[in-house]
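Peer 1: Got a structure for you, questions after.
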Amino acid sequence: MNAVAQTRRTTARERILDTAAELFYREGIRAVGVDTIIARSGVAKMSLYRNFASKEDLVRAYLERNAALHRDWWDRVVARHPGDPVAQLKALFVSLGHWIEHPQFRGCPFTNAASELRDPDNPARGVALAQKRAVRDRLRALAAAAGAVDPDRLAGHLQVLMEGAYSAGQTLGPDGDSGMVASAAAVLIDAACARMA
């Protein structure tokens with residue numbers, strides 16, 4: 001395949017994925033049909049199916065891209081506090097607070113997908129659940145580096161807090177107190193990482 005055709009194909013794939021990502025996040029995966037994605041992205045139906053074998057394949061690609069974006073966000077946040085895992089943990093929840101107060105916030109795309117895609121054999125559901133496990137693993141690693149007495153327990157508490165923040169962000173909207181998630185996380189982190197004098 002020549003370079004021009006490859007670029008055109010990549011561009012069509014990205015347009016489809018960008019459109020699907022916006023619609024899936026804003027309206028829900030089940031509510032958005034392939035015809036709507038085709039119409040909004042401006043590509044031919046054949047282009048969609050050349051790039052994605054099915055809607056399920058497109059949903060999986062959407063979640064995989066979000067997982068990569070989430071990893072990038074995490075890495076940027078913790079990089080601001082090199083060598084200080086306590087500050088890194090706290091910074092994640094400060095940043096999360098800013099995200100949930102954004103007017104376009106519609107919850108966590110992985111939580112939303114797992115709620116919508118109930119079939120345990122659905123590959124996209126598998127991507128969503130794998131992302132939740134990856135977050136737990138990363139929280140546990142930071143908790144251990146921070147000197148938490150029980151890193152598993154702290155990681156569990158922080159992940160439950162994170163999931164609650166996603167829900168509160170949807171129900172309370174931008175008028176909710178997004179600083180509460182950061183202050184609650186700080187209390188949990190400080191208590192778990194406190195050293196006996």
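Residues in the structure tokens are numbered from 1 in each chain, the chains being A, B, ... in the order shown, and ligands are numbered from 1 in the order shown.
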Find the residues near A:Leu48: any atom within 12 Å, counting only C-alpha atoms, skip ones fewer than 4 places away on the same chain, and give them as a PDB file with C-alpha atoms, in the first residue's frame.
Peer 2:
```
ATOM      1  CA  ARG A   9      -6.769   5.076   5.818  1.00  0.00           C
ATOM      2  CA  THR A  10      -5.191   6.188   9.089  1.00  0.00           C
ATOM      3  CA  THR A  11      -7.045   9.493   8.884  1.00  0.00           C
ATOM      4  CA  ALA A  12     -10.373   7.742   8.305  1.00  0.00           C
ATOM      5  CA  ARG A  13      -9.680   5.373  11.207  1.00  0.00           C
ATOM      6  CA  GLU A  14      -8.861   8.263  13.526  1.00  0.00           C
ATOM      7  CA  ARG A  15     -11.945  10.225  12.432  1.00  0.00           C
ATOM      8  CA  ILE A  16     -14.125   7.201  13.121  1.00  0.00           C
ATOM      9  CA  LEU A  17     -12.491   6.600  16.488  1.00  0.00           C
ATOM     10  CA  THR A  19     -16.340  10.461  16.564  1.00  0.00           C
ATOM     11  CA  ALA A  20     -17.171   7.195  18.295  1.00  0.00           C
ATOM     12  CA  VAL A  34     -22.869   2.532  13.639  1.00  0.00           C
ATOM     13  CA  ASP A  35     -24.936   4.602  11.187  1.00  0.00           C
ATOM     14  CA  THR A  36     -24.712   7.620  13.494  1.00  0.00           C
ATOM     15  CA  ILE A  37     -20.937   7.224  13.766  1.00  0.00           C
ATOM     16  CA  ILE A  38     -20.635   6.960   9.989  1.00  0.00           C
ATOM     17  CA  ALA A  39     -22.783  10.051   9.415  1.00  0.00           C
ATOM     18  CA  ARG A  40     -20.989  12.171  12.022  1.00  0.00           C
ATOM     19  CA  SER A  41     -17.472  11.095  11.027  1.00  0.00           C
ATOM     20  CA  GLY A  42     -18.110  11.680   7.321  1.00  0.00           C
ATOM     21  CA  VAL A  43     -16.645   8.347   6.236  1.00  0.00           C
ATOM     22  CA  ALA A  44     -18.158   5.641   4.091  1.00  0.00           C
ATOM     23  CA  PHE A  52     -13.203  -2.069  12.555  1.00  0.00           C
ATOM     24  CA  ALA A  53     -14.732  -5.492  11.981  1.00  0.00           C
ATOM     25  CA  SER A  54     -17.785  -4.678  14.115  1.00  0.00           C
ATOM     26  CA  LYS A  55     -19.188  -2.169  16.567  1.00  0.00           C
ATOM     27  CA  ASP A  57     -14.310  -3.982  17.745  1.00  0.00           C
ATOM     28  CA  LEU A  58     -14.774  -0.201  17.630  1.00  0.00           C
TER      29      LEU A  58
END
```
Peer 1: Could you name the residues that touch A:Glu56 at 12 Å or less, counting only C-alpha atoms, but leaving out those on the same chain fewer than 6 positions away, as a list in words?
Peer 2: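 Residues near the query, excluding close chain neighbours: Ala20, Ile29, Arg30, Val32, Gly33, Val34, Tyr49, Tyr62, Leu63, Ala113, Leu117, Asp119, Asp121, Asn122, Pro123, Ala124, Arg125, Gly126 and Val127 of chain A.
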Peer 1: Would you mind exporting N, CA and C atoms of the selected residues as an mmCIF file, in the first residue's frame?
Peer 2:
```
data_model
loop_
_atom_site.group_PDB
_atom_site.id
_atom_site.type_symbol
_atom_site.label_atom_id
_atom_site.label_comp_id
_atom_site.auth_asym_id
_atom_site.auth_seq_id
_atom_site.Cartn_x
_atom_site.Cartn_y
_atom_site.Cartn_z
ATOM 1 N N ALA A 20 -16.605 8.220 17.413
ATOM 2 C CA ALA A 20 -17.171 7.195 18.295
ATOM 3 C C ALA A 20 -16.865 7.514 19.755
ATOM 4 N N ILE A 29 -22.642 3.821 25.031
ATOM 5 C CA ILE A 29 -22.246 2.882 23.981
ATOM 6 C C ILE A 29 -23.458 2.275 23.287
ATOM 7 N N ARG A 30 -24.411 1.812 24.047
ATOM 8 C CA ARG A 30 -25.577 1.153 23.458
ATOM 9 C C ARG A 30 -26.485 2.139 22.707
ATOM 10 N N VAL A 32 -25.612 4.599 20.828
ATOM 11 C CA VAL A 32 -25.021 5.102 19.589
ATOM 12 C C VAL A 32 -24.872 3.967 18.587
ATOM 13 N N GLY A 33 -25.488 4.128 17.434
ATOM 14 C CA GLY A 33 -25.399 3.117 16.383
ATOM 15 C C GLY A 33 -24.287 3.412 15.396
ATOM 16 N N VAL A 34 -23.920 2.405 14.650
ATOM 17 C CA VAL A 34 -22.869 2.532 13.639
ATOM 18 C C VAL A 34 -23.245 3.576 12.591
ATOM 19 N N TYR A 49 -15.951 -0.409 8.286
ATOM 20 C CA TYR A 49 -15.765 -1.850 8.410
ATOM 21 C C TYR A 49 -14.394 -2.316 7.920
ATOM 22 N N TYR A 62 -11.909 2.003 21.234
ATOM 23 C CA TYR A 62 -12.197 3.222 22.003
ATOM 24 C C TYR A 62 -11.688 3.081 23.440
ATOM 25 N N LEU A 63 -11.958 1.940 24.056
ATOM 26 C CA LEU A 63 -11.527 1.738 25.441
ATOM 27 C C LEU A 63 -10.013 1.563 25.542
ATOM 28 N N ALA A 113 -18.651 1.768 30.605
ATOM 29 C CA ALA A 113 -18.664 0.613 29.690
ATOM 30 C C ALA A 113 -18.976 -0.676 30.439
ATOM 31 N N LEU A 117 -22.044 -2.944 29.314
ATOM 32 C CA LEU A 117 -21.699 -4.196 28.641
ATOM 33 C C LEU A 117 -21.655 -5.317 29.674
ATOM 34 N N ASP A 119 -22.324 -8.629 29.337
ATOM 35 C CA ASP A 119 -21.907 -9.964 28.918
ATOM 36 C C ASP A 119 -20.451 -10.186 29.325
ATOM 37 N N ASP A 121 -18.368 -12.245 28.404
ATOM 38 C CA ASP A 121 -17.511 -12.640 27.281
ATOM 39 C C ASP A 121 -17.262 -11.501 26.296
ATOM 40 N N ASN A 122 -17.847 -10.341 26.537
ATOM 41 C CA ASN A 122 -17.658 -9.206 25.640
ATOM 42 C C ASN A 122 -16.213 -8.708 25.778
ATOM 43 N N PRO A 123 -15.442 -8.700 24.678
ATOM 44 C CA PRO A 123 -14.040 -8.267 24.764
ATOM 45 C C PRO A 123 -13.879 -6.831 25.264
ATOM 46 N N ALA A 124 -14.804 -5.957 24.918
ATOM 47 C CA ALA A 124 -14.715 -4.568 25.377
ATOM 48 C C ALA A 124 -14.910 -4.493 26.895
ATOM 49 N N ARG A 125 -15.810 -5.310 27.425
ATOM 50 C CA ARG A 125 -15.967 -5.360 28.884
ATOM 51 C C ARG A 125 -14.670 -5.818 29.535
ATOM 52 N N GLY A 126 -14.013 -6.775 28.882
ATOM 53 C CA GLY A 126 -12.718 -7.247 29.383
ATOM 54 C C GLY A 126 -11.686 -6.130 29.445
ATOM 55 N N VAL A 127 -11.686 -5.253 28.444
ATOM 56 C CA VAL A 127 -10.765 -4.110 28.439
ATOM 57 C C VAL A 127 -11.088 -3.180 29.602
#
```
Peer 1: Please identify all polymer residues within 10 Å of stretch 156-162 of chain A, counting only C-alpha atoms, omitting same-chain residues fewer than 2 positions from it, and present them as a ChimeraX atom specification.
Peer 2: /A:89,92-93,96-97,108,132-133,135-137,139-140,143,151-154,164-168,181-182,184-186,188-189
Peer 1: Tell me which of A:Ala191, A:Val78, A:Ala145, A:Ala21 sits closest to A:Pro109, counting only C-alpha atoms.
Peer 2: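 Comparing A:Ala191, A:Val78, A:Ala145, A:Ala21 against A:Pro109, the winner is A:Ala21.
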Peer 1: With only C-alpha atoms as the basis for distance, which of A:Ala114, A:Arg76, A:Pro103, A:Pro120 is at the shortest distance from A:Ala91?
Peer 2: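 Of A:Ala114, A:Arg76, A:Pro103, A:Pro120, the one nearest A:Ala91 is A:Arg76, counting only C-alpha atoms.
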